[in-house]
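Scroll down for the structure; my scribbles are underneath it.
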Amino acid sequence: MDYNAIKNQYKARTQLDALATGLSLTTKSVREKHQAEKNARDAELRQVRAEAAREAVMSSLVYACRIQKNLLPAVDTFKHAFSDYAILWNPRDIVSGDIYWIKNFDEGTILCVCDCTGHGAPGALLTMLVVSTFGMIVNDQNYKEPATVVRMLDEQLSRALYDSSKDEQNDMLDIRDGCDLAILYIPKEGDIAAASANFPIFICDGTEVTQIKGQKIFVGEGKITTDTVKTTFIPKSSNNKYYISSDGMFDQRGGPRGMPFGYSHFKKVILENHNEPQATILEKVWSTFENYRGDHPRKDDFELIGFRP
């Protein structure tokens, strides 16, 4: 074979190799393109499914919120009990672990303001249990004395939450379900009777704000006895305004140093605006709270009730 023939043969082989390489690269490119398109379709499908799941959860929570709001007392119940009142009830996550309950009698009114463990759906489930139990104690068993109601509520909740087998109890040793609360009995004549588990009660007379600390007890474990919880009597005056709030306001961080809102900001607002209607006072409390919170995320549910007997 002469030189030209060898050269032509080598050239032809080189062209075939280049063609094969080109075909291989083209095939790889097509395969990668198809895979990329498949990945994009899969990602889009996952996003659609995630969005559908999120919408289903949100729809359920919104419906649950409607149910929870229906558990809250009617406005007329408060109008019958107080000459002036206002309520701030603002869940962090659509549904709330905070709840309030009121019942009027011929001789007075019993009011419960409660903060269940957790927020969102878990807290909301507990509020339903608390409301039904509280109604049974007050309506069916006719208990009105605050310390007795707290003790009975603790007993009933512990039965509902922890009445299980030993194995289940061992699994729940790290779970502490229950609530903090304040229960007030406001008679038409005489002083207000109150029992509180970790809830401060504030009294503002226009000159100063007095704070009554709650007892360091937890409702729901079945450990409260007659010696543990006490009823405190608070002087009732036509000039006094009374406030009860869950810790969702006081524990909220904000301000330039990220510190808790605390009691001082709250006391300042209610004292400076004492002569305003309760609705106006609570609006100013909320705006002060939100301005202080700034860009910090909400830590908990918000619940505040202010009233004048």
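Starting from 1 in every chain, residues are counted up; chains themselves are A, B, ... following the order of the structure tokens, and ligands are numbered from 1 as listed.
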Excluding Trp286 in chain A and any residue of its chain fewer than 5 positions from it, enumerate the residues within 9 Å of it, using only C-alpha atoms, and give them as an NGL selection string. :A and (88 or 281 or 291)
Closest pair table for range 231-258 of chain A residues within 10 Å of range 77-86 of chain A, only C-alpha atoms, as JSON lines:
{"residue": "A:Ser238", "atom": "CA", "partner": "A:Ser83", "partner_atom": "CA", "distance": 9.5}
{"residue": "A:Lys241", "atom": "CA", "partner": "A:Asp84", "partner_atom": "CA", "distance": 9.0}
{"residue": "A:Tyr242", "atom": "CA", "partner": "A:Tyr85", "partner_atom": "CA", "distance": 9.3}
{"residue": "A:Tyr243", "atom": "CA", "partner": "A:Tyr85", "partner_atom": "CA", "distance": 9.7}
Selection above as a file: N, CA, C and O atoms, as a PDB file, in the first residue's frame:
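Generated output (part-v6.pdb):
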ATOM      1  N   SER A 238     -65.490  51.585  91.822  1.00  0.00           N
ATOM      2  CA  SER A 238     -66.030  52.046  90.539  1.00  0.00           C
ATOM      3  C   SER A 238     -64.973  52.747  89.702  1.00  0.00           C
ATOM      4  O   SER A 238     -65.113  52.860  88.480  1.00  0.00           O
ATOM      5  N   LYS A 241     -59.959  49.835  87.154  1.00  0.00           N
ATOM      6  CA  LYS A 241     -60.038  49.004  85.957  1.00  0.00           C
ATOM      7  C   LYS A 241     -59.094  47.827  86.153  1.00  0.00           C
ATOM      8  O   LYS A 241     -57.997  47.988  86.686  1.00  0.00           O
ATOM      9  N   TYR A 242     -59.530  46.656  85.710  1.00  0.00           N
ATOM     10  CA  TYR A 242     -58.812  45.409  85.985  1.00  0.00           C
ATOM     11  C   TYR A 242     -58.360  44.796  84.662  1.00  0.00           C
ATOM     12  O   TYR A 242     -59.106  44.822  83.674  1.00  0.00           O
ATOM     13  N   TYR A 243     -57.147  44.228  84.680  1.00  0.00           N
ATOM     14  CA  TYR A 243     -56.563  43.680  83.461  1.00  0.00           C
ATOM     15  C   TYR A 243     -55.956  42.297  83.741  1.00  0.00           C
ATOM     16  O   TYR A 243     -55.277  42.104  84.754  1.00  0.00           O
TER      17      TYR A 243
END
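Take the candidates A:Tyr292, A:Phe105, A:Tyr100, A:Phe307 and check each one against Pro256 in chain A using only C-alpha atoms; the shortest distance goes to A:Tyr292.
Summary of the local environment: counting only C-alpha atoms, residues at most 9 Å from Gln68 in chain A, other than itself and those fewer than 6 positions away along its chain, are Val95, Ser96, Ile99, Ala124, Thr127 and Met128 of chain A.
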Please produce an output containing N, CA and C atoms for each residue in the selection, written as a tab-separated table (two decimals), in the first residue's frame.
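Here's the written file selection_20.tsv:
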chain	number	residue	atom	x	y	z
A	95	VAL	N	-55.02	29.50	64.91
A	95	VAL	CA	-55.74	29.05	66.10
A	95	VAL	C	-54.86	29.29	67.32
A	96	SER	N	-55.48	29.32	68.49
A	96	SER	CA	-54.78	29.81	69.68
A	96	SER	C	-54.78	28.81	70.82
A	99	ILE	N	-57.50	31.05	75.70
A	99	ILE	CA	-58.96	31.01	75.66
A	99	ILE	C	-59.50	31.78	76.86
A	124	ALA	N	-54.75	24.74	70.71
A	124	ALA	CA	-56.18	24.90	70.46
A	124	ALA	C	-56.97	23.67	70.91
A	127	THR	N	-57.48	23.95	74.56
A	127	THR	CA	-58.47	24.96	74.95
A	127	THR	C	-59.88	24.38	74.90
A	128	MET	N	-60.15	23.51	73.94
A	128	MET	CA	-61.47	22.90	73.84
A	128	MET	C	-61.73	22.02	75.06
Please build the interface table for range 121-171 of chain A against range 182-201 of chain A with a cut-off of 9 Å, listing for each qualifying residue the nearest atom pair and the distance in Å to one decimal; count only C-alpha atoms, order rows by chain and increasing number, and write it as a tab-separated table.
residue	atom	partner	partner_atom	distance
A:Lys144	CA	A:Tyr185	CA	7.0
A:Glu145	CA	A:Tyr185	CA	7.1
A:Pro146	CA	A:Ala195	CA	5.2
A:Ala147	CA	A:Ala195	CA	5.3
A:Thr148	CA	A:Ala195	CA	8.9
A:Val149	CA	A:Ile183	CA	8.0
A:Val150	CA	A:Ala195	CA	7.3
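Every protein, DNA or RNA residue with an atom at most 12 Å from Leu125 in chain A, where only C-alpha atoms count and chain neighbours fewer than 2 positions away do not, is listed here: Leu61, Ala64, Cys65, Ile67, Gln68, Leu71, Val95, Ser96, Gly97, Asp98, Ile99, Cys116, Thr117, Gly118, His119, Gly120, Ala121, Pro122, Gly123, Thr127, Met128, Leu129, Val130, Val131, Ser132, Leu161, Asp177 and Gly178 of chain A.
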Any chance you could export the current selection's N, CA and C atoms as a compact mmCIF listing (two decimals), in the first residue's frame?
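Result saved to again-v4.txt:
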# COMPACT_ATOMS: atom_id res chain seq x y z
N LEU A 61 -56.95 24.68 59.25
CA LEU A 61 -56.70 25.59 60.36
C LEU A 61 -57.72 26.74 60.38
N ALA A 64 -60.80 25.34 61.71
CA ALA A 64 -60.63 25.13 63.15
C ALA A 64 -60.73 26.45 63.91
N CYS A 65 -60.22 27.52 63.31
CA CYS A 65 -60.31 28.83 63.93
C CYS A 65 -61.77 29.26 64.08
N ILE A 67 -64.30 27.27 64.45
CA ILE A 67 -64.85 26.48 65.55
C ILE A 67 -64.41 27.06 66.89
N GLN A 68 -63.11 27.40 66.99
CA GLN A 68 -62.60 27.92 68.26
C GLN A 68 -63.26 29.26 68.60
N LEU A 71 -66.41 28.99 70.33
CA LEU A 71 -66.32 28.63 71.75
C LEU A 71 -66.20 29.86 72.63
N VAL A 95 -55.02 29.50 64.91
CA VAL A 95 -55.74 29.05 66.10
C VAL A 95 -54.86 29.29 67.32
N SER A 96 -55.48 29.32 68.49
CA SER A 96 -54.78 29.81 69.68
C SER A 96 -54.78 28.81 70.82
N GLY A 97 -53.72 28.88 71.63
CA GLY A 97 -53.66 28.14 72.88
C GLY A 97 -54.23 28.95 74.03
N ASP A 98 -54.64 30.18 73.76
CA ASP A 98 -55.28 31.05 74.76
C ASP A 98 -56.79 30.99 74.59
N ILE A 99 -57.50 31.05 75.70
CA ILE A 99 -58.96 31.01 75.66
C ILE A 99 -59.50 31.78 76.86
N CYS A 116 -53.15 27.73 77.55
CA CYS A 116 -52.81 26.32 77.52
C CYS A 116 -51.39 26.13 76.98
N THR A 117 -50.77 25.03 77.35
CA THR A 117 -49.42 24.75 76.85
C THR A 117 -49.46 24.63 75.33
N GLY A 118 -48.44 25.21 74.70
CA GLY A 118 -48.36 25.18 73.24
C GLY A 118 -49.19 26.30 72.63
N HIS A 119 -49.06 26.42 71.32
CA HIS A 119 -49.88 27.34 70.55
C HIS A 119 -50.23 26.63 69.25
N GLY A 120 -50.97 27.30 68.38
CA GLY A 120 -51.38 26.61 67.16
C GLY A 120 -52.33 25.47 67.47
N ALA A 121 -52.29 24.42 66.63
CA ALA A 121 -53.24 23.32 66.75
C ALA A 121 -53.17 22.59 68.09
N PRO A 122 -51.97 22.23 68.61
CA PRO A 122 -51.94 21.54 69.91
C PRO A 122 -52.57 22.36 71.03
N GLY A 123 -52.21 23.64 71.10
CA GLY A 123 -52.78 24.50 72.12
C GLY A 123 -54.28 24.65 71.97
N THR A 127 -57.48 23.95 74.56
CA THR A 127 -58.47 24.96 74.95
C THR A 127 -59.88 24.38 74.90
N MET A 128 -60.15 23.51 73.94
CA MET A 128 -61.47 22.90 73.84
C MET A 128 -61.73 22.02 75.06
N LEU A 129 -60.71 21.30 75.49
CA LEU A 129 -60.84 20.45 76.68
C LEU A 129 -61.05 21.31 77.92
N VAL A 130 -60.30 22.41 78.03
CA VAL A 130 -60.42 23.29 79.19
C VAL A 130 -61.81 23.91 79.25
N VAL A 131 -62.30 24.40 78.11
CA VAL A 131 -63.62 25.05 78.10
C VAL A 131 -64.72 24.08 78.50
N SER A 132 -64.68 22.88 77.94
CA SER A 132 -65.73 21.90 78.27
C SER A 132 -65.64 21.50 79.74
N LEU A 161 -55.91 13.91 80.65
CA LEU A 161 -54.62 13.93 79.94
C LEU A 161 -53.70 12.79 80.30
N ASP A 177 -48.63 18.80 79.87
CA ASP A 177 -49.81 19.42 79.27
C ASP A 177 -50.69 20.00 80.37
N GLY A 178 -51.26 21.15 80.10
CA GLY A 178 -52.13 21.79 81.06
C GLY A 178 -52.23 23.27 80.76
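CA of Ile212 in chain A to CA of Ser158 in chain A spans 26.8 Å [interatomic distance, one decimal].
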List as a VMD selection string the protein and nucleic acid residues near Glu272 in chain A, meaning an atom at most 12 Å away when only C-alpha atoms are counted, but skip any in the same chain fewer than 3 places from it. chain A and resid 204 to 209 265 to 269 275 to 276 280 to 281 284 to 285
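Distances from A:Gly254, A:Thr210, A:Asp154, A:Gln215 to Pro235 in chain A were compared using only C-alpha atoms, and the smallest one belongs to A:Thr210.
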Got a sec to tell me which of range 69-168 of chain A DSSP assigns to strand (DSSP E or B), as a PyMOL selection string? chain A and resi 84-90+93+95+98-104+108-116
Exercise: Gly258 in chain A partners within 10 Å, only C-alpha atoms, chain neighbours under 3 positions left out, as a PDB file with C-alpha atoms, in the first residue's frame:
ATOM      1  CA  GLN A 252     -42.364  39.013  73.528  1.00  0.00           C
ATOM      2  CA  ARG A 253     -38.896  40.205  72.530  1.00  0.00           C
ATOM      3  CA  GLY A 254     -38.339  43.450  70.697  1.00  0.00           C
ATOM      4  CA  GLY A 255     -36.867  46.917  70.991  1.00  0.00           C
ATOM      5  CA  PHE A 261     -41.769  43.604  76.498  1.00  0.00           C
ATOM      6  CA  TYR A 292     -41.884  47.428  70.345  1.00  0.00           C
ATOM      7  CA  ARG A 293     -41.857  44.020  68.638  1.00  0.00           C
ATOM      8  CA  GLY A 294     -40.736  45.517  65.333  1.00  0.00           C
ATOM      9  CA  HIS A 296     -38.956  40.232  65.794  1.00  0.00           C
TER      10      HIS A 296
END
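With distances restricted to only C-alpha atoms, A:Ile203 is the closest residue to Arg308 in chain A from A:Met259, A:Ile110, A:Ile203, A:Ala43.
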DSSP on the backbone: what in range 51-264 of chain A comes out helix (DSSP H, G or I), as an mmCIF file with N, CA and C atoms, in the first residue's frame?
data_model
loop_
_atom_site.group_PDB
_atom_site.id
_atom_site.type_symbol
_atom_site.label_atom_id
_atom_site.label_comp_id
_atom_site.auth_asym_id
_atom_site.auth_seq_id
_atom_site.Cartn_x
_atom_site.Cartn_y
_atom_site.Cartn_z
ATOM 1 N N GLU A 51 -47.854 22.591 47.586
ATOM 2 C CA GLU A 51 -48.782 23.707 47.670
ATOM 3 C C GLU A 51 -50.191 23.217 47.990
ATOM 4 N N ALA A 52 -50.574 22.086 47.371
ATOM 5 C CA ALA A 52 -51.893 21.516 47.651
ATOM 6 C C ALA A 52 -51.997 21.074 49.105
ATOM 7 N N ALA A 53 -50.911 20.459 49.605
ATOM 8 C CA ALA A 53 -50.898 20.033 51.006
ATOM 9 C C ALA A 53 -50.962 21.235 51.941
ATOM 10 N N ARG A 54 -50.199 22.290 51.592
ATOM 11 C CA ARG A 54 -50.206 23.501 52.420
ATOM 12 C C ARG A 54 -51.592 24.134 52.439
ATOM 13 N N GLU A 55 -52.236 24.193 51.275
ATOM 14 C CA GLU A 55 -53.572 24.770 51.194
ATOM 15 C C GLU A 55 -54.570 23.942 51.993
ATOM 16 N N ALA A 56 -54.407 22.607 51.973
ATOM 17 C CA ALA A 56 -55.300 21.740 52.744
ATOM 18 C C ALA A 56 -55.131 21.983 54.243
ATOM 19 N N VAL A 57 -53.867 22.123 54.679
ATOM 20 C CA VAL A 57 -53.598 22.384 56.099
ATOM 21 C C VAL A 57 -54.151 23.761 56.491
ATOM 22 N N MET A 58 -53.897 24.770 55.646
ATOM 23 C CA MET A 58 -54.381 26.110 55.943
ATOM 24 C C MET A 58 -55.899 26.141 55.995
ATOM 25 N N SER A 59 -56.534 25.424 55.060
ATOM 26 C CA SER A 59 -57.989 25.369 55.049
ATOM 27 C C SER A 59 -58.513 24.732 56.332
ATOM 28 N N SER A 60 -57.840 23.676 56.786
ATOM 29 C CA SER A 60 -58.246 23.011 58.021
ATOM 30 C C SER A 60 -58.074 23.939 59.219
ATOM 31 N N LEU A 61 -56.953 24.684 59.248
ATOM 32 C CA LEU A 61 -56.701 25.590 60.360
ATOM 33 C C LEU A 61 -57.718 26.740 60.380
ATOM 34 N N VAL A 62 -58.048 27.253 59.206
ATOM 35 C CA VAL A 62 -59.028 28.339 59.137
ATOM 36 C C VAL A 62 -60.384 27.851 59.638
ATOM 37 N N TYR A 63 -60.749 26.642 59.248
ATOM 38 C CA TYR A 63 -62.012 26.077 59.722
ATOM 39 C C TYR A 63 -61.954 25.828 61.224
ATOM 40 N N ALA A 64 -60.799 25.343 61.712
ATOM 41 C CA ALA A 64 -60.626 25.126 63.152
ATOM 42 C C ALA A 64 -60.733 26.446 63.908
ATOM 43 N N CYS A 65 -60.218 27.516 63.309
ATOM 44 C CA CYS A 65 -60.312 28.831 63.929
ATOM 45 C C CYS A 65 -61.773 29.263 64.078
ATOM 46 N N ARG A 66 -62.582 28.981 63.062
ATOM 47 C CA ARG A 66 -64.012 29.299 63.149
ATOM 48 C C ARG A 66 -64.659 28.551 64.306
ATOM 49 N N ILE A 67 -64.298 27.275 64.455
ATOM 50 C CA ILE A 67 -64.854 26.482 65.550
ATOM 51 C C ILE A 67 -64.411 27.060 66.893
ATOM 52 N N GLN A 68 -63.111 27.399 66.989
ATOM 53 C CA GLN A 68 -62.599 27.925 68.256
ATOM 54 C C GLN A 68 -63.260 29.256 68.602
ATOM 55 N N LYS A 69 -63.444 30.109 67.608
ATOM 56 C CA LYS A 69 -64.094 31.396 67.873
ATOM 57 C C LYS A 69 -65.517 31.210 68.373
ATOM 58 N N ASN A 70 -66.178 30.152 67.897
ATOM 59 C CA ASN A 70 -67.537 29.871 68.358
ATOM 60 C C ASN A 70 -67.565 29.446 69.818
ATOM 61 N N LEU A 71 -66.406 28.988 70.333
ATOM 62 C CA LEU A 71 -66.320 28.630 71.745
ATOM 63 C C LEU A 71 -66.204 29.864 72.632
ATOM 64 N N VAL A 75 -70.692 38.474 72.984
ATOM 65 C CA VAL A 75 -70.450 39.846 73.430
ATOM 66 C C VAL A 75 -71.462 40.254 74.503
ATOM 67 N N ASP A 76 -72.710 39.835 74.357
ATOM 68 C CA ASP A 76 -73.752 40.225 75.315
ATOM 69 C C ASP A 76 -73.437 39.755 76.732
ATOM 70 N N THR A 77 -72.701 38.641 76.850
ATOM 71 C CA THR A 77 -72.340 38.134 78.172
ATOM 72 C C THR A 77 -71.454 39.131 78.903
ATOM 73 N N PHE A 78 -70.519 39.741 78.189
ATOM 74 C CA PHE A 78 -69.644 40.742 78.794
ATOM 75 C C PHE A 78 -70.400 42.044 79.054
ATOM 76 N N LYS A 79 -71.274 42.426 78.127
ATOM 77 C CA LYS A 79 -72.047 43.653 78.309
ATOM 78 C C LYS A 79 -72.914 43.579 79.557
ATOM 79 N N HIS A 80 -73.432 42.384 79.838
ATOM 80 C CA HIS A 80 -74.276 42.196 81.013
ATOM 81 C C HIS A 80 -73.455 42.269 82.300
ATOM 82 N N ALA A 81 -72.176 41.876 82.221
ATOM 83 C CA ALA A 81 -71.359 41.774 83.430
ATOM 84 C C ALA A 81 -70.627 43.065 83.785
ATOM 85 N N GLY A 120 -50.968 27.300 68.376
ATOM 86 C CA GLY A 120 -51.382 26.615 67.159
ATOM 87 C C GLY A 120 -52.330 25.466 67.470
ATOM 88 N N ALA A 121 -52.291 24.422 66.631
ATOM 89 C CA ALA A 121 -53.237 23.317 66.749
ATOM 90 C C ALA A 121 -53.169 22.587 68.092
ATOM 91 N N PRO A 122 -51.974 22.233 68.614
ATOM 92 C CA PRO A 122 -51.945 21.536 69.913
ATOM 93 C C PRO A 122 -52.569 22.358 71.030
ATOM 94 N N GLY A 123 -52.210 23.644 71.099
ATOM 95 C CA GLY A 123 -52.784 24.502 72.123
ATOM 96 C C GLY A 123 -54.285 24.645 71.967
ATOM 97 N N ALA A 124 -54.749 24.744 70.712
ATOM 98 C CA ALA A 124 -56.179 24.897 70.460
ATOM 99 C C ALA A 124 -56.967 23.673 70.914
ATOM 100 N N LEU A 125 -56.404 22.478 70.709
ATOM 101 C CA LEU A 125 -57.081 21.267 71.175
ATOM 102 C C LEU A 125 -57.245 21.284 72.689
ATOM 103 N N LEU A 126 -56.214 21.749 73.385
ATOM 104 C CA LEU A 126 -56.302 21.830 74.844
ATOM 105 C C LEU A 126 -57.343 22.856 75.289
ATOM 106 N N THR A 127 -57.478 23.954 74.557
ATOM 107 C CA THR A 127 -58.470 24.959 74.949
ATOM 108 C C THR A 127 -59.876 24.379 74.905
ATOM 109 N N MET A 128 -60.148 23.513 73.935
ATOM 110 C CA MET A 128 -61.474 22.899 73.841
ATOM 111 C C MET A 128 -61.735 22.021 75.055
ATOM 112 N N LEU A 129 -60.710 21.297 75.495
ATOM 113 C CA LEU A 129 -60.841 20.452 76.679
ATOM 114 C C LEU A 129 -61.054 21.309 77.924
ATOM 115 N N VAL A 130 -60.298 22.410 78.030
ATOM 116 C CA VAL A 130 -60.423 23.288 79.193
ATOM 117 C C VAL A 130 -61.814 23.911 79.249
ATOM 118 N N VAL A 131 -62.303 24.404 78.109
ATOM 119 C CA VAL A 131 -63.619 25.054 78.095
ATOM 120 C C VAL A 131 -64.722 24.082 78.495
ATOM 121 N N SER A 132 -64.682 22.878 77.943
ATOM 122 C CA SER A 132 -65.727 21.904 78.270
ATOM 123 C C SER A 132 -65.642 21.500 79.742
ATOM 124 N N THR A 133 -64.418 21.336 80.264
ATOM 125 C CA THR A 133 -64.239 20.966 81.671
ATOM 126 C C THR A 133 -64.663 22.103 82.590
ATOM 127 N N PHE A 134 -64.285 23.307 82.227
ATOM 128 C CA PHE A 134 -64.643 24.467 83.033
ATOM 129 C C PHE A 134 -66.161 24.633 83.090
ATOM 130 N N GLY A 135 -66.818 24.443 81.934
ATOM 131 C CA GLY A 135 -68.271 24.536 81.908
ATOM 132 C C GLY A 135 -68.928 23.490 82.789
ATOM 133 N N MET A 136 -68.377 22.280 82.790
ATOM 134 C CA MET A 136 -68.928 21.211 83.625
ATOM 135 C C MET A 136 -68.802 21.568 85.101
ATOM 136 N N ILE A 137 -67.649 22.115 85.490
ATOM 137 C CA ILE A 137 -67.412 22.450 86.901
ATOM 138 C C ILE A 137 -68.344 23.564 87.361
ATOM 139 N N VAL A 138 -68.487 24.601 86.547
ATOM 140 C CA VAL A 138 -69.267 25.770 86.955
ATOM 141 C C VAL A 138 -70.760 25.557 86.705
ATOM 142 N N ASN A 139 -71.112 25.075 85.526
ATOM 143 C CA ASN A 139 -72.529 24.943 85.178
ATOM 144 C C ASN A 139 -73.179 23.741 85.844
ATOM 145 N N ASP A 140 -72.531 22.578 85.716
ATOM 146 C CA ASP A 140 -73.151 21.350 86.204
ATOM 147 C C ASP A 140 -72.955 21.148 87.703
ATOM 148 N N PRO A 146 -63.113 30.659 93.367
ATOM 149 C CA PRO A 146 -62.008 30.497 92.417
ATOM 150 C C PRO A 146 -61.006 29.408 92.773
ATOM 151 N N ALA A 147 -60.554 29.336 94.004
ATOM 152 C CA ALA A 147 -59.565 28.317 94.376
ATOM 153 C C ALA A 147 -60.132 26.913 94.181
ATOM 154 N N THR A 148 -61.396 26.735 94.518
ATOM 155 C CA THR A 148 -62.037 25.423 94.334
ATOM 156 C C THR A 148 -62.125 25.071 92.861
ATOM 157 N N VAL A 149 -62.464 26.061 92.034
ATOM 158 C CA VAL A 149 -62.563 25.817 90.592
ATOM 159 C C VAL A 149 -61.200 25.431 90.021
ATOM 160 N N VAL A 150 -60.140 26.121 90.463
ATOM 161 C CA VAL A 150 -58.791 25.782 89.999
ATOM 162 C C VAL A 150 -58.441 24.345 90.376
ATOM 163 N N ARG A 151 -58.720 23.980 91.611
ATOM 164 C CA ARG A 151 -58.394 22.619 92.084
ATOM 165 C C ARG A 151 -59.192 21.566 91.324
ATOM 166 N N MET A 152 -60.484 21.833 91.104
ATOM 167 C CA MET A 152 -61.316 20.882 90.372
ATOM 168 C C MET A 152 -60.868 20.769 88.914
ATOM 169 N N LEU A 153 -60.494 21.896 88.320
ATOM 170 C CA LEU A 153 -60.021 21.880 86.932
ATOM 171 C C LEU A 153 -58.733 21.077 86.810
ATOM 172 N N ASP A 154 -57.828 21.259 87.772
ATOM 173 C CA ASP A 154 -56.580 20.507 87.785
ATOM 174 C C ASP A 154 -56.855 19.006 87.872
ATOM 175 N N GLU A 155 -57.778 18.636 88.711
ATOM 176 C CA GLU A 155 -58.114 17.219 88.893
ATOM 177 C C GLU A 155 -58.718 16.629 87.628
ATOM 178 N N GLN A 156 -59.669 17.333 87.041
ATOM 179 C CA GLN A 156 -60.350 16.819 85.849
ATOM 180 C C GLN A 156 -59.420 16.758 84.643
ATOM 181 N N LEU A 157 -58.569 17.781 84.470
ATOM 182 C CA LEU A 157 -57.639 17.775 83.341
ATOM 183 C C LEU A 157 -56.619 16.650 83.470
ATOM 184 N N SER A 158 -56.141 16.408 84.673
ATOM 185 C CA SER A 158 -55.148 15.339 84.862
ATOM 186 C C SER A 158 -55.756 13.981 84.513
ATOM 187 N N ARG A 159 -57.019 13.791 84.835
ATOM 188 C CA ARG A 159 -57.683 12.536 84.471
ATOM 189 C C ARG A 159 -57.794 12.393 82.955
ATOM 190 N N ALA A 160 -58.123 13.495 82.309
ATOM 191 C CA ALA A 160 -58.297 13.439 80.849
ATOM 192 C C ALA A 160 -56.967 13.283 80.122
ATOM 193 N N LEU A 161 -55.906 13.907 80.648
ATOM 194 C CA LEU A 161 -54.624 13.933 79.940
ATOM 195 C C LEU A 161 -53.698 12.793 80.305
ATOM 196 N N TYR A 162 -53.795 12.289 81.553
ATOM 197 C CA TYR A 162 -52.804 11.327 82.015
ATOM 198 C C TYR A 162 -53.398 10.024 82.525
ATOM 199 N N LYS A 166 -49.379 2.332 82.391
ATOM 200 C CA LYS A 166 -48.046 2.684 82.865
ATOM 201 C C LYS A 166 -47.076 2.884 81.711
ATOM 202 N N ASP A 167 -47.188 2.040 80.672
ATOM 203 C CA ASP A 167 -46.296 2.201 79.521
ATOM 204 C C ASP A 167 -46.511 3.549 78.854
ATOM 205 N N GLU A 168 -47.786 3.934 78.686
ATOM 206 C CA GLU A 168 -48.077 5.220 78.069
ATOM 207 C C GLU A 168 -47.607 6.357 78.962
ATOM 208 N N GLN A 169 -47.756 6.192 80.275
ATOM 209 C CA GLN A 169 -47.304 7.233 81.182
ATOM 210 C C GLN A 169 -45.794 7.413 81.114
ATOM 211 N N ASN A 170 -45.057 6.287 80.989
ATOM 212 C CA ASN A 170 -43.602 6.386 80.860
ATOM 213 C C ASN A 170 -43.209 7.123 79.595
ATOM 214 N N ASP A 171 -43.975 6.902 78.504
ATOM 215 C CA ASP A 171 -43.687 7.590 77.251
ATOM 216 C C ASP A 171 -43.979 9.082 77.355
ATOM 217 N N ASP A 247 -48.969 35.382 79.088
ATOM 218 C CA ASP A 247 -47.568 35.832 78.994
ATOM 219 C C ASP A 247 -47.121 36.099 77.564
ATOM 220 N N GLY A 248 -48.014 35.903 76.592
ATOM 221 C CA GLY A 248 -47.654 36.170 75.203
ATOM 222 C C GLY A 248 -47.275 37.615 74.951
ATOM 223 N N MET A 249 -47.827 38.525 75.743
ATOM 224 C CA MET A 249 -47.454 39.935 75.613
ATOM 225 C C MET A 249 -46.142 40.209 76.344
ATOM 226 N N PHE A 250 -46.044 39.777 77.576
ATOM 227 C CA PHE A 250 -44.910 40.171 78.418
ATOM 228 C C PHE A 250 -43.596 39.508 77.999
ATOM 229 N N SER A 264 -43.501 46.864 82.462
ATOM 230 C CA SER A 264 -43.407 48.324 82.590
ATOM 231 C C SER A 264 -44.093 49.053 81.434
#
